[in-house]
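Engineer: I am sharing query-v2.cif, which consists of mmCIF, C-alpha atoms and all ligand atoms:
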```cif
data_my_file
loop_
_atom_site.group_PDB
_atom_site.id
_atom_site.type_symbol
_atom_site.label_atom_id
_atom_site.label_comp_id
_atom_site.auth_asym_id
_atom_site.auth_seq_id
_atom_site.Cartn_x
_atom_site.Cartn_y
_atom_site.Cartn_z
ATOM 1 C CA MET A 20 -0.928 -41.058 -31.690
ATOM 2 C CA THR A 21 -2.985 -40.078 -28.675
ATOM 3 C CA HIS A 22 -3.568 -36.499 -27.602
ATOM 4 C CA PRO A 23 -2.577 -35.775 -23.958
ATOM 5 C CA ILE A 24 -6.184 -34.949 -23.193
ATOM 6 C CA ASP A 25 -7.064 -38.649 -23.662
ATOM 7 C CA ASP A 26 -4.767 -39.627 -20.780
ATOM 8 C CA LEU A 27 -5.483 -36.782 -18.360
ATOM 9 C CA LYS A 28 -8.599 -37.002 -16.252
ATOM 10 C CA THR A 29 -8.122 -35.779 -12.694
ATOM 11 C CA VAL A 30 -6.851 -32.616 -11.047
ATOM 12 C CA ARG A 31 -3.834 -34.636 -9.929
ATOM 13 C CA ASP A 32 -3.157 -35.698 -13.565
ATOM 14 C CA PHE A 33 -3.203 -32.081 -14.720
ATOM 15 C CA LEU A 34 -0.962 -30.874 -11.896
ATOM 16 C CA ARG A 35 1.567 -33.559 -12.797
ATOM 17 C CA TYR A 36 1.367 -32.880 -16.535
ATOM 18 C CA ALA A 37 1.642 -29.096 -16.179
ATOM 19 C CA SER A 38 4.603 -29.492 -13.814
ATOM 20 C CA SER A 39 6.415 -31.772 -16.260
ATOM 21 C CA ARG A 40 5.755 -29.475 -19.214
ATOM 22 C CA PHE A 41 6.857 -26.355 -17.312
ATOM 23 C CA ALA A 42 9.978 -28.122 -16.033
ATOM 24 C CA ALA A 43 10.909 -29.108 -19.599
ATOM 25 C CA SER A 44 10.416 -25.534 -20.854
ATOM 26 C CA ASP A 45 12.608 -22.503 -20.643
ATOM 27 C CA LEU A 46 10.082 -20.308 -18.829
ATOM 28 C CA PHE A 47 10.832 -17.242 -16.740
ATOM 29 C CA TYR A 48 9.111 -17.145 -13.348
ATOM 30 C CA GLY A 49 8.633 -13.956 -11.395
ATOM 31 C CA HIS A 50 5.149 -12.713 -12.274
ATOM 32 C CA GLY A 51 3.455 -14.038 -9.150
ATOM 33 C CA THR A 52 5.180 -17.408 -8.710
ATOM 34 C CA ASP A 53 8.853 -18.302 -8.677
ATOM 35 C CA ASN A 54 8.883 -22.034 -9.426
ATOM 36 C CA VAL A 55 7.445 -24.789 -11.604
ATOM 37 C CA TRP A 56 5.172 -26.323 -8.975
ATOM 38 C CA ASP A 57 3.505 -23.066 -7.853
ATOM 39 C CA GLU A 58 2.979 -22.114 -11.505
ATOM 40 C CA ALA A 59 1.287 -25.495 -12.190
ATOM 41 C CA VAL A 60 -0.907 -25.220 -9.079
ATOM 42 C CA GLN A 61 -1.946 -21.695 -10.034
ATOM 43 C CA LEU A 62 -2.745 -22.693 -13.639
ATOM 44 C CA VAL A 63 -4.796 -25.756 -12.759
ATOM 45 C CA MET A 64 -6.531 -24.630 -9.575
ATOM 46 C CA ARG A 65 -7.419 -21.124 -10.680
ATOM 47 C CA THR A 66 -8.648 -22.248 -14.121
ATOM 48 C CA LEU A 67 -10.996 -24.505 -12.148
ATOM 49 C CA HIS A 68 -11.885 -21.627 -9.770
ATOM 50 C CA LEU A 69 -10.581 -23.687 -6.864
ATOM 51 C CA PRO A 70 -8.576 -22.329 -3.913
ATOM 52 C CA LEU A 71 -4.775 -22.339 -4.028
ATOM 53 C CA GLU A 72 -4.576 -23.864 -0.546
ATOM 54 C CA ASN A 73 -6.550 -26.521 1.355
ATOM 55 C CA ASN A 74 -7.562 -28.091 -1.957
ATOM 56 C CA THR A 75 -6.463 -31.722 -1.583
ATOM 57 C CA LEU A 76 -10.123 -32.748 -1.407
ATOM 58 C CA PHE A 77 -10.313 -32.209 -5.172
ATOM 59 C CA LEU A 78 -7.121 -33.970 -6.308
ATOM 60 C CA ASP A 79 -8.847 -37.099 -7.623
ATOM 61 C CA ALA A 80 -11.890 -35.363 -9.061
ATOM 62 C CA ASN A 81 -12.450 -35.813 -12.810
ATOM 63 C CA LEU A 82 -12.477 -32.707 -14.998
ATOM 64 C CA THR A 83 -15.078 -31.998 -17.641
ATOM 65 C CA TRP A 84 -13.944 -31.879 -21.277
ATOM 66 C CA ASP A 85 -14.323 -28.085 -21.333
ATOM 67 C CA GLU A 86 -12.110 -27.770 -18.250
ATOM 68 C CA ARG A 87 -9.465 -30.068 -19.765
ATOM 69 C CA HIS A 88 -9.395 -28.085 -23.019
ATOM 70 C CA LEU A 89 -9.150 -24.749 -21.202
ATOM 71 C CA ILE A 90 -6.228 -25.843 -19.008
ATOM 72 C CA LEU A 91 -4.343 -27.292 -21.979
ATOM 73 C CA GLU A 92 -4.980 -24.196 -24.083
ATOM 74 C CA ARG A 93 -3.603 -21.942 -21.333
ATOM 75 C CA LEU A 94 -0.653 -24.276 -20.783
ATOM 76 C CA GLU A 95 0.307 -24.131 -24.456
ATOM 77 C CA ARG A 96 -0.027 -20.334 -24.612
ATOM 78 C CA ARG A 97 2.085 -19.969 -21.428
ATOM 79 C CA ILE A 98 4.847 -22.109 -22.971
ATOM 80 C CA ASP A 99 4.682 -21.102 -26.650
ATOM 81 C CA GLN A 100 4.001 -17.391 -26.293
ATOM 82 C CA ARG A 101 5.601 -16.826 -22.856
ATOM 83 C CA ILE A 102 2.457 -15.026 -21.653
ATOM 84 C CA PRO A 103 2.580 -14.479 -17.867
ATOM 85 C CA LEU A 104 0.043 -16.765 -16.208
ATOM 86 C CA ALA A 105 -1.715 -13.835 -14.509
ATOM 87 C CA TYR A 106 -2.769 -12.518 -17.938
ATOM 88 C CA LEU A 107 -4.047 -15.938 -19.024
ATOM 89 C CA LEU A 108 -6.063 -16.272 -15.822
ATOM 90 C CA GLY A 109 -7.106 -12.610 -15.739
ATOM 91 C CA GLU A 110 -6.180 -12.392 -12.074
ATOM 92 C CA ALA A 111 -3.238 -11.943 -9.728
ATOM 93 C CA TRP A 112 -2.811 -12.003 -5.965
ATOM 94 C CA PHE A 113 -1.291 -9.204 -3.907
ATOM 95 C CA MET A 114 -1.139 -9.197 -0.108
ATOM 96 C CA GLY A 115 -3.419 -12.259 -0.270
ATOM 97 C CA MET A 116 -6.068 -10.299 -2.180
ATOM 98 C CA PRO A 117 -7.284 -11.038 -5.726
ATOM 99 C CA PHE A 118 -6.948 -8.377 -8.435
ATOM 100 C CA GLN A 119 -8.334 -8.283 -11.956
ATOM 101 C CA ILE A 120 -5.433 -8.097 -14.366
ATOM 102 C CA ASP A 121 -4.883 -7.808 -18.102
ATOM 103 C CA GLU A 122 -2.167 -6.567 -20.434
ATOM 104 C CA ARG A 123 -3.065 -2.909 -19.752
ATOM 105 C CA VAL A 124 -1.272 -3.180 -16.378
ATOM 106 C CA LEU A 125 1.821 -4.760 -14.889
ATOM 107 C CA VAL A 126 1.357 -8.044 -13.050
ATOM 108 C CA PRO A 127 1.412 -7.136 -9.305
ATOM 109 C CA ARG A 128 4.574 -8.397 -7.601
ATOM 110 C CA SER A 129 5.909 -5.542 -5.488
ATOM 111 C CA PRO A 130 7.560 -6.439 -2.160
ATOM 112 C CA LEU A 131 5.637 -3.462 -0.739
ATOM 113 C CA ALA A 132 2.822 -5.921 0.113
ATOM 114 C CA GLU A 133 4.934 -7.252 2.976
ATOM 115 C CA LEU A 134 5.334 -3.751 4.418
ATOM 116 C CA ILE A 135 1.731 -2.638 3.927
ATOM 117 C CA VAL A 136 0.317 -5.618 5.813
ATOM 118 C CA THR A 137 2.289 -4.513 8.912
ATOM 119 C CA GLY A 138 0.664 -1.068 8.785
ATOM 120 C CA VAL A 139 4.091 0.289 7.702
ATOM 121 C CA GLN A 140 5.472 -0.424 11.137
ATOM 122 C CA PRO A 141 7.677 0.426 12.871
ATOM 123 C CA TRP A 142 8.237 3.351 10.523
ATOM 124 C CA LEU A 143 4.873 5.097 10.904
ATOM 125 C CA GLY A 144 4.695 4.804 14.685
ATOM 126 C CA ASN A 145 1.399 6.243 15.876
ATOM 127 C CA HIS A 146 1.071 8.799 13.061
ATOM 128 C CA HIS A 147 -2.591 8.789 12.041
ATOM 129 C CA VAL A 148 -2.972 8.137 8.320
ATOM 130 C CA GLU A 149 -5.815 10.112 6.761
ATOM 131 C CA ARG A 150 -4.677 10.287 3.139
ATOM 132 C CA ILE A 151 -2.651 7.827 1.068
ATOM 133 C CA LEU A 152 -1.304 8.225 -2.457
ATOM 134 C CA ASP A 153 -0.468 5.207 -4.620
ATOM 135 C CA LEU A 154 1.575 6.896 -7.336
ATOM 136 C CA CYS A 155 1.929 4.989 -10.637
ATOM 137 C CA THR A 156 -0.834 2.672 -9.493
ATOM 138 C CA GLY A 157 -1.329 0.334 -12.468
ATOM 139 C CA SER A 158 -3.940 -2.216 -11.312
ATOM 140 C CA GLY A 159 -4.369 -0.282 -8.052
ATOM 141 C CA CYS A 160 -3.011 -3.197 -6.022
ATOM 142 C CA ILE A 161 -0.793 -1.157 -3.676
ATOM 143 C CA GLY A 162 -3.338 1.541 -2.830
ATOM 144 C CA ILE A 163 -6.264 -0.887 -2.545
ATOM 145 C CA ALA A 164 -4.263 -3.188 -0.257
ATOM 146 C CA ALA A 165 -3.298 -0.130 1.832
ATOM 147 C CA ALA A 166 -6.949 0.934 2.036
ATOM 148 C CA THR A 167 -7.820 -2.379 3.685
ATOM 149 C CA VAL A 168 -5.092 -1.935 6.325
ATOM 150 C CA PHE A 169 -5.724 1.777 6.976
ATOM 151 C CA ASP A 170 -9.456 1.302 7.043
ATOM 152 C CA ASP A 171 -10.526 4.917 7.516
ATOM 153 C CA ALA A 172 -7.973 6.490 5.151
ATOM 154 C CA ARG A 173 -8.890 8.096 1.828
ATOM 155 C CA VAL A 174 -6.727 6.768 -0.992
ATOM 156 C CA ASP A 175 -5.829 8.255 -4.387
ATOM 157 C CA LEU A 176 -4.696 5.863 -7.119
ATOM 158 C CA ALA A 177 -2.748 7.948 -9.661
ATOM 159 C CA ASP A 178 -1.496 6.910 -13.086
ATOM 160 C CA ILE A 179 -0.912 8.647 -16.414
ATOM 161 C CA SER A 180 -2.513 5.784 -18.353
ATOM 162 C CA PRO A 181 -6.316 5.828 -18.784
ATOM 163 C CA ASP A 182 -6.086 2.121 -19.666
ATOM 164 C CA ALA A 183 -4.418 1.326 -16.349
ATOM 165 C CA LEU A 184 -6.924 3.476 -14.461
ATOM 166 C CA ALA A 185 -9.810 1.519 -16.020
ATOM 167 C CA VAL A 186 -8.330 -1.659 -14.511
ATOM 168 C CA ALA A 187 -7.809 0.103 -11.168
ATOM 169 C CA GLU A 188 -11.480 1.220 -11.242
ATOM 170 C CA ALA A 189 -12.585 -2.384 -11.756
ATOM 171 C CA ASN A 190 -10.516 -3.418 -8.744
ATOM 172 C CA ILE A 191 -11.941 -0.619 -6.568
ATOM 173 C CA THR A 192 -15.404 -1.899 -7.463
ATOM 174 C CA MET A 193 -14.474 -5.538 -6.861
ATOM 175 C CA HIS A 194 -13.202 -4.704 -3.372
ATOM 176 C CA GLU A 195 -16.177 -2.396 -2.670
ATOM 177 C CA LEU A 196 -13.950 0.553 -1.754
ATOM 178 C CA GLY A 197 -15.538 3.245 -3.924
ATOM 179 C CA ASP A 198 -16.446 5.376 -0.892
ATOM 180 C CA ARG A 199 -12.776 5.925 0.079
ATOM 181 C CA VAL A 200 -10.610 5.056 -2.921
ATOM 182 C CA ARG A 201 -10.593 6.952 -6.227
ATOM 183 C CA THR A 202 -8.498 7.108 -9.386
ATOM 184 C CA VAL A 203 -6.780 10.270 -10.628
ATOM 185 C CA GLN A 204 -5.171 10.629 -14.035
ATOM 186 C CA SER A 205 -1.920 12.432 -13.374
ATOM 187 C CA ASP A 206 1.575 12.767 -14.807
ATOM 188 C CA VAL A 207 3.444 12.000 -11.549
ATOM 189 C CA PHE A 208 2.276 14.748 -9.107
ATOM 190 C CA ASN A 209 0.990 17.231 -11.732
ATOM 191 C CA GLU A 210 -2.786 16.785 -11.281
ATOM 192 C CA LEU A 211 -2.779 15.935 -7.571
ATOM 193 C CA GLU A 212 -3.960 18.249 -4.823
ATOM 194 C CA GLY A 213 -3.157 18.595 -1.136
ATOM 195 C CA ARG A 214 -0.836 16.573 1.058
ATOM 196 C CA TYR A 215 -0.677 12.920 2.020
ATOM 197 C CA ASP A 216 0.427 10.995 5.105
ATOM 198 C CA LEU A 217 1.754 8.118 3.064
ATOM 199 C CA ILE A 218 3.022 8.128 -0.511
ATOM 200 C CA LEU A 219 3.611 4.614 -1.837
ATOM 201 C CA SER A 220 5.010 4.137 -5.305
ATOM 202 C CA ASN A 221 6.204 1.388 -7.587
ATOM 203 C CA PRO A 222 7.021 3.551 -10.621
ATOM 204 C CA PRO A 223 8.717 2.417 -13.844
ATOM 205 C CA TYR A 224 12.396 1.836 -13.026
ATOM 206 C CA VAL A 225 13.917 -0.458 -15.665
ATOM 207 C CA ASP A 226 17.068 0.970 -17.205
ATOM 208 C CA ALA A 227 17.929 0.795 -20.912
ATOM 209 C CA ASP A 228 20.282 -2.212 -20.570
ATOM 210 C CA ASP A 229 17.697 -4.273 -18.701
ATOM 211 C CA MET A 230 14.932 -3.224 -21.128
ATOM 212 C CA ALA A 231 17.047 -4.647 -23.963
ATOM 213 C CA SER A 232 17.694 -7.998 -22.259
ATOM 214 C CA MET A 233 14.420 -8.843 -20.477
ATOM 215 C CA PRO A 234 12.915 -12.354 -20.745
ATOM 216 C CA ASP A 235 10.031 -12.662 -23.228
ATOM 217 C CA GLU A 236 7.424 -12.634 -20.432
ATOM 218 C CA PHE A 237 8.099 -8.926 -19.836
ATOM 219 C CA HIS A 238 7.278 -8.053 -23.444
ATOM 220 C CA HIS A 239 3.611 -8.750 -22.686
ATOM 221 C CA GLU A 240 3.622 -5.967 -20.070
ATOM 222 C CA PRO A 241 3.062 -2.293 -21.025
ATOM 223 C CA VAL A 242 6.361 -0.530 -21.811
ATOM 224 C CA LEU A 243 4.890 2.520 -20.062
ATOM 225 C CA GLY A 244 4.983 0.540 -16.825
ATOM 226 C CA LEU A 245 8.628 -0.509 -17.112
ATOM 227 C CA ALA A 246 10.923 1.863 -18.995
ATOM 228 C CA ALA A 247 12.546 4.691 -17.042
ATOM 229 C CA GLY A 248 15.326 6.133 -19.180
ATOM 230 C CA HIS A 249 18.961 5.115 -19.589
ATOM 231 C CA ASP A 250 19.648 4.708 -15.850
ATOM 232 C CA GLY A 251 16.139 3.745 -14.655
ATOM 233 C CA LEU A 252 15.834 6.890 -12.560
ATOM 234 C CA GLU A 253 13.574 9.096 -14.682
ATOM 235 C CA PHE A 254 10.626 8.741 -12.300
ATOM 236 C CA ALA A 255 12.639 8.568 -9.104
ATOM 237 C CA HIS A 256 14.078 12.027 -9.910
ATOM 238 C CA ARG A 257 10.602 13.490 -10.415
ATOM 239 C CA ILE A 258 9.193 11.865 -7.283
ATOM 240 C CA LEU A 259 12.076 13.082 -5.117
ATOM 241 C CA ALA A 260 11.776 16.610 -6.506
ATOM 242 C CA GLY A 261 8.061 16.855 -5.719
ATOM 243 C CA ALA A 262 7.447 14.691 -2.657
ATOM 244 C CA HIS A 263 8.257 17.242 0.079
ATOM 245 C CA ALA A 264 5.411 19.479 -1.149
ATOM 246 C CA ARG A 265 2.984 16.522 -1.091
ATOM 247 C CA LEU A 266 3.668 15.105 2.394
ATOM 248 C CA ASN A 267 2.169 16.093 5.739
ATOM 249 C CA PRO A 268 4.547 16.474 8.713
ATOM 250 C CA GLY A 269 5.248 12.976 10.054
ATOM 251 C CA GLY A 270 4.423 11.478 6.652
ATOM 252 C CA LEU A 271 6.475 8.952 4.693
ATOM 253 C CA LEU A 272 7.590 8.468 1.100
ATOM 254 C CA ILE A 273 8.199 4.827 0.158
ATOM 255 C CA VAL A 274 9.354 4.038 -3.379
ATOM 256 C CA GLU A 275 10.488 0.878 -5.150
ATOM 257 C CA VAL A 276 13.396 1.387 -7.560
ATOM 258 C CA GLY A 277 14.590 -2.243 -7.869
ATOM 259 C CA ASN A 278 17.977 -2.725 -9.512
ATOM 260 C CA SER A 279 18.338 1.020 -9.977
ATOM 261 C CA TRP A 280 19.023 1.557 -6.269
ATOM 262 C CA PRO A 281 22.858 1.921 -6.506
ATOM 263 C CA ALA A 282 22.444 4.569 -9.226
ATOM 264 C CA LEU A 283 19.903 6.424 -7.094
ATOM 265 C CA GLU A 284 22.067 6.409 -3.988
ATOM 266 C CA ALA A 285 25.036 7.673 -6.014
ATOM 267 C CA ALA A 286 22.905 10.474 -7.496
ATOM 268 C CA TYR A 287 21.700 11.725 -4.068
ATOM 269 C CA PRO A 288 24.559 11.378 -1.569
ATOM 270 C CA ALA A 289 22.919 13.888 0.820
ATOM 271 C CA LEU A 290 19.605 12.029 1.146
ATOM 272 C CA PRO A 291 19.382 9.641 4.140
ATOM 273 C CA PHE A 292 17.688 6.753 2.297
ATOM 274 C CA VAL A 293 16.488 3.869 4.469
ATOM 275 C CA TRP A 294 16.651 0.721 2.306
ATOM 276 C CA LEU A 295 13.969 -1.681 3.491
ATOM 277 C CA GLU A 296 14.523 -5.417 3.914
ATOM 278 C CA PHE A 297 11.913 -8.040 3.033
ATOM 279 C CA GLU A 298 11.667 -11.596 4.375
ATOM 280 C CA GLN A 299 9.807 -12.799 1.273
ATOM 281 C CA GLY A 300 12.353 -11.364 -1.150
ATOM 282 C CA GLY A 301 12.766 -8.141 -3.100
ATOM 283 C CA ASP A 302 14.985 -5.155 -2.570
ATOM 284 C CA GLY A 303 15.559 -1.635 -3.863
ATOM 285 C CA VAL A 304 12.752 -0.039 -1.823
ATOM 286 C CA PHE A 305 13.615 3.183 -0.014
ATOM 287 C CA LEU A 306 11.879 5.126 2.717
ATOM 288 C CA LEU A 307 12.293 8.836 3.488
ATOM 289 C CA THR A 308 10.448 10.914 6.065
ATOM 290 C CA ALA A 309 8.713 14.195 5.265
ATOM 291 C CA GLU A 310 11.260 15.893 7.513
ATOM 292 C CA ASP A 311 14.249 14.351 5.664
ATOM 293 C CA LEU A 312 12.805 15.521 2.361
ATOM 294 C CA ALA A 313 11.957 19.026 3.598
ATOM 295 C CA ALA A 314 15.469 19.550 4.985
ATOM 296 C CA TRP A 315 17.089 18.234 1.806
ATOM 297 C CA SER A 316 14.798 20.304 -0.436
ATOM 298 C CA ALA A 317 15.547 23.484 1.522
ATOM 299 C CA GLU A 318 19.269 22.976 0.958
ATOM 300 C CA ASN A 319 19.199 21.705 -2.609
ATOM 301 C CA GLN A 320 16.382 23.377 -4.514
HETATM 302 C C1 LIG A 401 5.832 -0.485 -12.508
HETATM 303 S S1 LIG A 401 4.141 -0.135 -12.960
HETATM 304 C C2 LIG A 401 3.470 -0.309 -11.330
HETATM 305 C C3 LIG A 401 2.059 -0.694 -11.248
HETATM 306 C C4 LIG A 401 1.587 -1.022 -9.826
HETATM 307 N N1 LIG A 401 1.884 0.048 -8.902
HETATM 308 C C5 LIG A 401 2.174 -2.315 -9.338
HETATM 309 O O1 LIG A 401 2.960 -2.316 -8.374
HETATM 310 O O2 LIG A 401 1.841 -3.369 -9.881
HETATM 311 C C6 LIG A 401 4.255 1.616 -13.197
HETATM 312 C C7 LIG A 401 2.992 2.363 -13.564
HETATM 313 O O3 LIG A 401 3.379 3.733 -13.758
HETATM 314 C C8 LIG A 401 2.550 4.316 -14.738
HETATM 315 N N2 LIG A 401 3.200 5.525 -15.273
HETATM 316 C C9 LIG A 401 4.105 5.620 -16.277
HETATM 317 N N3 LIG A 401 4.456 6.900 -16.467
HETATM 318 C C10 LIG A 401 3.764 7.645 -15.568
HETATM 319 C C11 LIG A 401 3.679 9.052 -15.284
HETATM 320 N N4 LIG A 401 4.409 9.948 -15.973
HETATM 321 N N5 LIG A 401 2.863 9.454 -14.285
HETATM 322 C C12 LIG A 401 2.109 8.550 -13.595
HETATM 323 N N6 LIG A 401 2.131 7.226 -13.834
HETATM 324 C C13 LIG A 401 2.952 6.767 -14.801
HETATM 325 C C14 LIG A 401 2.353 3.210 -15.752
HETATM 326 O O4 LIG A 401 1.184 3.430 -16.510
HETATM 327 C C15 LIG A 401 2.270 1.969 -14.836
HETATM 328 O O5 LIG A 401 0.932 1.649 -14.556
#
```
Write the structure described by the file as structure tokens, please.

Structural biologist:
Amino acid sequence: MTHPIDDLKTVRDFLRYASSRFAASDLFYGHGTDNVWDEAVQLVMRTLHLPLENNTLFLDANLTWDERHLILERLERRIDQRIPLAYLLGEAWFMGMPFQIDERVLVPRSPLAELIVTGVQPWLGNHHVERILDLCTGSGCIGIAAATVFDDARVDLADISPDALAVAEANITMHELGDRVRTVQSDVFNELEGRYDLILSNPPYVDADDMASMPDEFHHEPVLGLAAGHDGLEFAHRILAGAHARLNPGGLLIVEVGNSWPALEAAYPALPFVWLEFEQGGDGVFLLTAEDLAAWSAENQ
């Protein structure tokens, strides 16, 4: 019996083989790609350190034996152990930017990228953004992406996990943003100082039912980054309670709560949530102004 490696020689061969194997497997997609073909392209091209686009030049190039073994090893681990591809590659892409990733942090996938790239328009208007907080930062992807759009803003990346902050530090260094972006270890707002113009957050928001029924891929991600109590709102409650004291006038709070959005809206009938829409998919992201939060806090706290 021949081993597949004997029959696979070119980039095209490996793209075809990976696609067939993924298609015949019961994989969950949603950690950076959402289909068999994109997953195969990412596995093959990024293992070879080739670009994801404009790469047809290489399709008929032969791979070395080491390259063939590495792709097949990652393919088998993706299928057998359900490890998200981003962890096998050690990288993920967010707002078109590369980030170093490992199992200390969630794989970046927030729809907030689509909003950040617009400069948070039309919501911010001409409000000048001097300080940004990425709360529950994980890899730092949201705050680092924001720092490249708001290119004179100072950005705090806050997380309770020292492991996550070590990954965020590596990404600050990789993107050469150490003069404006820093990490802060903080339990939600507890260790933070001063006010911000923009608070962006993708906190844990998975409720107990979803935690119990997640596809295997999610079990490779840190529980600390996912679980948020029986209704998924543990962190949303804390963020809403503290945000008004952390925002400058004219500032914005933007938080992803995913599937927990109906529970959140039911819990806060007096808050005028704006639920954002995304062309590239994703929902459950709300926006509130500093003024909305101040008025609500004055009446309710
Ligand atoms: C859903 S992950 C989001 C990571 C990143 N923002 C992203 O979009 O990929 C949530 C993050 O919240 C952090 N976290 C959990 N509890 C926290 C707390 N009490 N205070 C601050 N961060 C916390 C976790 O360590 C994790 O990195």

Engineer: Can you work out which residues are within 9 Å of ligand LIG 401 (chain A), considering only C-alpha atoms and all ligand atoms, and then hand them over as a VMD selection string?

Structural biologist: chain A and resid 113 123 to 131 153 to 162 176 to 184 204 to 209 219 to 225 241 to 247 254 275

Engineer: Report as a PyMOL selection string the full result of the PyMOL selection byres (((chain A and resi 83-99) around 9) and not hetatm) when it is applied to this structure.

Structural biologist: chain A and resi 23-24+27-28+33+37+40-41+44-46+59+62-63+66-67+81-82+100-104+107-108

Engineer: Find, counting all atoms listed in the file, the residue in A:His194, A:His68, A:His50, A:His146 that gets nearest to Met116 (chain A).

Structural biologist: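 For Met116 (chain A), the nearest of the candidates is A:His194.
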
Engineer: Between A:Leu217, A:Arg173, A:Glu122, A:Ala185, which is the closest to Gly138 (chain A) once you count all atoms listed in the file?

Structural biologist: A:Leu217

Engineer: Check which residues satisfy the PyMOL selection byres (((chain A and resi 80) around 9) and not hetatm) in the file shown, then give them as a PyMOL selection string.

Structural biologist: chain A and resi 28-31+76-79+81-82

Engineer: Just give me the gap between CA of Leu134 (chain A) and CA of Gln61 (chain A) in Å, one decimal is fine.

Structural biologist: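 Those two atoms sit 24.2 Å apart.
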
Engineer: Name the residues captured by the PyMOL selection byres (((chain A and resi 263-272) around 10) and not hetatm) when it is applied to the shown file; answer as a PyMOL selection string.

Structural biologist: chain A and resi 139+142-148+150-152+208+211-220+258-262+273-274+305-317

Engineer: Since we have the selection now, will you write its residues out, keeping C-alpha atoms, as a PDB file, in the coordinates of the input?

Structural biologist:
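Saved as part18.pdb:
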```pdb
ATOM      1  CA  VAL A 139       4.091   0.289   7.702  1.00  0.00           C
ATOM      2  CA  TRP A 142       8.237   3.351  10.523  1.00  0.00           C
ATOM      3  CA  LEU A 143       4.873   5.097  10.904  1.00  0.00           C
ATOM      4  CA  GLY A 144       4.695   4.804  14.685  1.00  0.00           C
ATOM      5  CA  ASN A 145       1.399   6.243  15.876  1.00  0.00           C
ATOM      6  CA  HIS A 146       1.071   8.799  13.061  1.00  0.00           C
ATOM      7  CA  HIS A 147      -2.591   8.789  12.041  1.00  0.00           C
ATOM      8  CA  VAL A 148      -2.972   8.137   8.320  1.00  0.00           C
ATOM      9  CA  ARG A 150      -4.677  10.287   3.139  1.00  0.00           C
ATOM     10  CA  ILE A 151      -2.651   7.827   1.068  1.00  0.00           C
ATOM     11  CA  LEU A 152      -1.304   8.225  -2.457  1.00  0.00           C
ATOM     12  CA  PHE A 208       2.276  14.748  -9.107  1.00  0.00           C
ATOM     13  CA  LEU A 211      -2.779  15.935  -7.571  1.00  0.00           C
ATOM     14  CA  GLU A 212      -3.960  18.249  -4.823  1.00  0.00           C
ATOM     15  CA  GLY A 213      -3.157  18.595  -1.136  1.00  0.00           C
ATOM     16  CA  ARG A 214      -0.836  16.573   1.058  1.00  0.00           C
ATOM     17  CA  TYR A 215      -0.677  12.920   2.020  1.00  0.00           C
ATOM     18  CA  ASP A 216       0.427  10.995   5.105  1.00  0.00           C
ATOM     19  CA  LEU A 217       1.754   8.118   3.064  1.00  0.00           C
ATOM     20  CA  ILE A 218       3.022   8.128  -0.511  1.00  0.00           C
ATOM     21  CA  LEU A 219       3.611   4.614  -1.837  1.00  0.00           C
ATOM     22  CA  SER A 220       5.010   4.137  -5.305  1.00  0.00           C
ATOM     23  CA  ILE A 258       9.193  11.865  -7.283  1.00  0.00           C
ATOM     24  CA  LEU A 259      12.076  13.082  -5.117  1.00  0.00           C
ATOM     25  CA  ALA A 260      11.776  16.610  -6.506  1.00  0.00           C
ATOM     26  CA  GLY A 261       8.061  16.855  -5.719  1.00  0.00           C
ATOM     27  CA  ALA A 262       7.447  14.691  -2.657  1.00  0.00           C
ATOM     28  CA  ILE A 273       8.199   4.827   0.158  1.00  0.00           C
ATOM     29  CA  VAL A 274       9.354   4.038  -3.379  1.00  0.00           C
ATOM     30  CA  PHE A 305      13.615   3.183  -0.014  1.00  0.00           C
ATOM     31  CA  LEU A 306      11.879   5.126   2.717  1.00  0.00           C
ATOM     32  CA  LEU A 307      12.293   8.836   3.488  1.00  0.00           C
ATOM     33  CA  THR A 308      10.448  10.914   6.065  1.00  0.00           C
ATOM     34  CA  ALA A 309       8.713  14.195   5.265  1.00  0.00           C
ATOM     35  CA  GLU A 310      11.260  15.893   7.513  1.00  0.00           C
ATOM     36  CA  ASP A 311      14.249  14.351   5.664  1.00  0.00           C
ATOM     37  CA  LEU A 312      12.805  15.521   2.361  1.00  0.00           C
ATOM     38  CA  ALA A 313      11.957  19.026   3.598  1.00  0.00           C
ATOM     39  CA  ALA A 314      15.469  19.550   4.985  1.00  0.00           C
ATOM     40  CA  TRP A 315      17.089  18.234   1.806  1.00  0.00           C
ATOM     41  CA  SER A 316      14.798  20.304  -0.436  1.00  0.00           C
ATOM     42  CA  ALA A 317      15.547  23.484   1.522  1.00  0.00           C
TER      43      ALA A 317
END
```

Engineer: Suppose you want the space between CA of Pro117 (chain A) and CA of Glu72 (chain A); what is it in Å?

Structural biologist: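 Result for CA of Pro117 (chain A) versus CA of Glu72 (chain A): 14.1 Å, one decimal.
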
Engineer: CA of Phe237 (chain A) and CA of Pro281 (chain A), how far apart in Å?

Structural biologist: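 Between CA of Pro281 (chain A) and CA of Phe237 (chain A) the gap works out to 22.7 Å.
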
Engineer: Measuring between only C-alpha atoms, which one of A:Ala164, A:Trp112, A:Asp198, A:Glu284 shows the shortest distance to Thr137 (chain A)?

Structural biologist: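 Nearest candidate to Thr137 (chain A) out of A:Ala164, A:Trp112, A:Asp198, A:Glu284: A:Ala164.
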
Engineer: Neighbouring residues of Asp250 (chain A) were defined as those with any atom within 9 Å, considering all atoms listed in the file; residues of the same chain fewer than 4 positions away were excluded. Please report them as an mmCIF file with C-alpha atoms, in the coordinates of the input.

Structural biologist:
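Output (part.cif):
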```
data_model
loop_
_atom_site.group_PDB
_atom_site.id
_atom_site.type_symbol
_atom_site.label_atom_id
_atom_site.label_comp_id
_atom_site.auth_asym_id
_atom_site.auth_seq_id
_atom_site.Cartn_x
_atom_site.Cartn_y
_atom_site.Cartn_z
ATOM 1 C CA TYR A 224 12.396 1.836 -13.026
ATOM 2 C CA VAL A 225 13.917 -0.458 -15.665
ATOM 3 C CA ASP A 226 17.068 0.970 -17.205
ATOM 4 C CA ALA A 227 17.929 0.795 -20.912
ATOM 5 C CA ASP A 228 20.282 -2.212 -20.570
ATOM 6 C CA SER A 279 18.338 1.020 -9.977
ATOM 7 C CA ALA A 282 22.444 4.569 -9.226
ATOM 8 C CA LEU A 283 19.903 6.424 -7.094
#
```
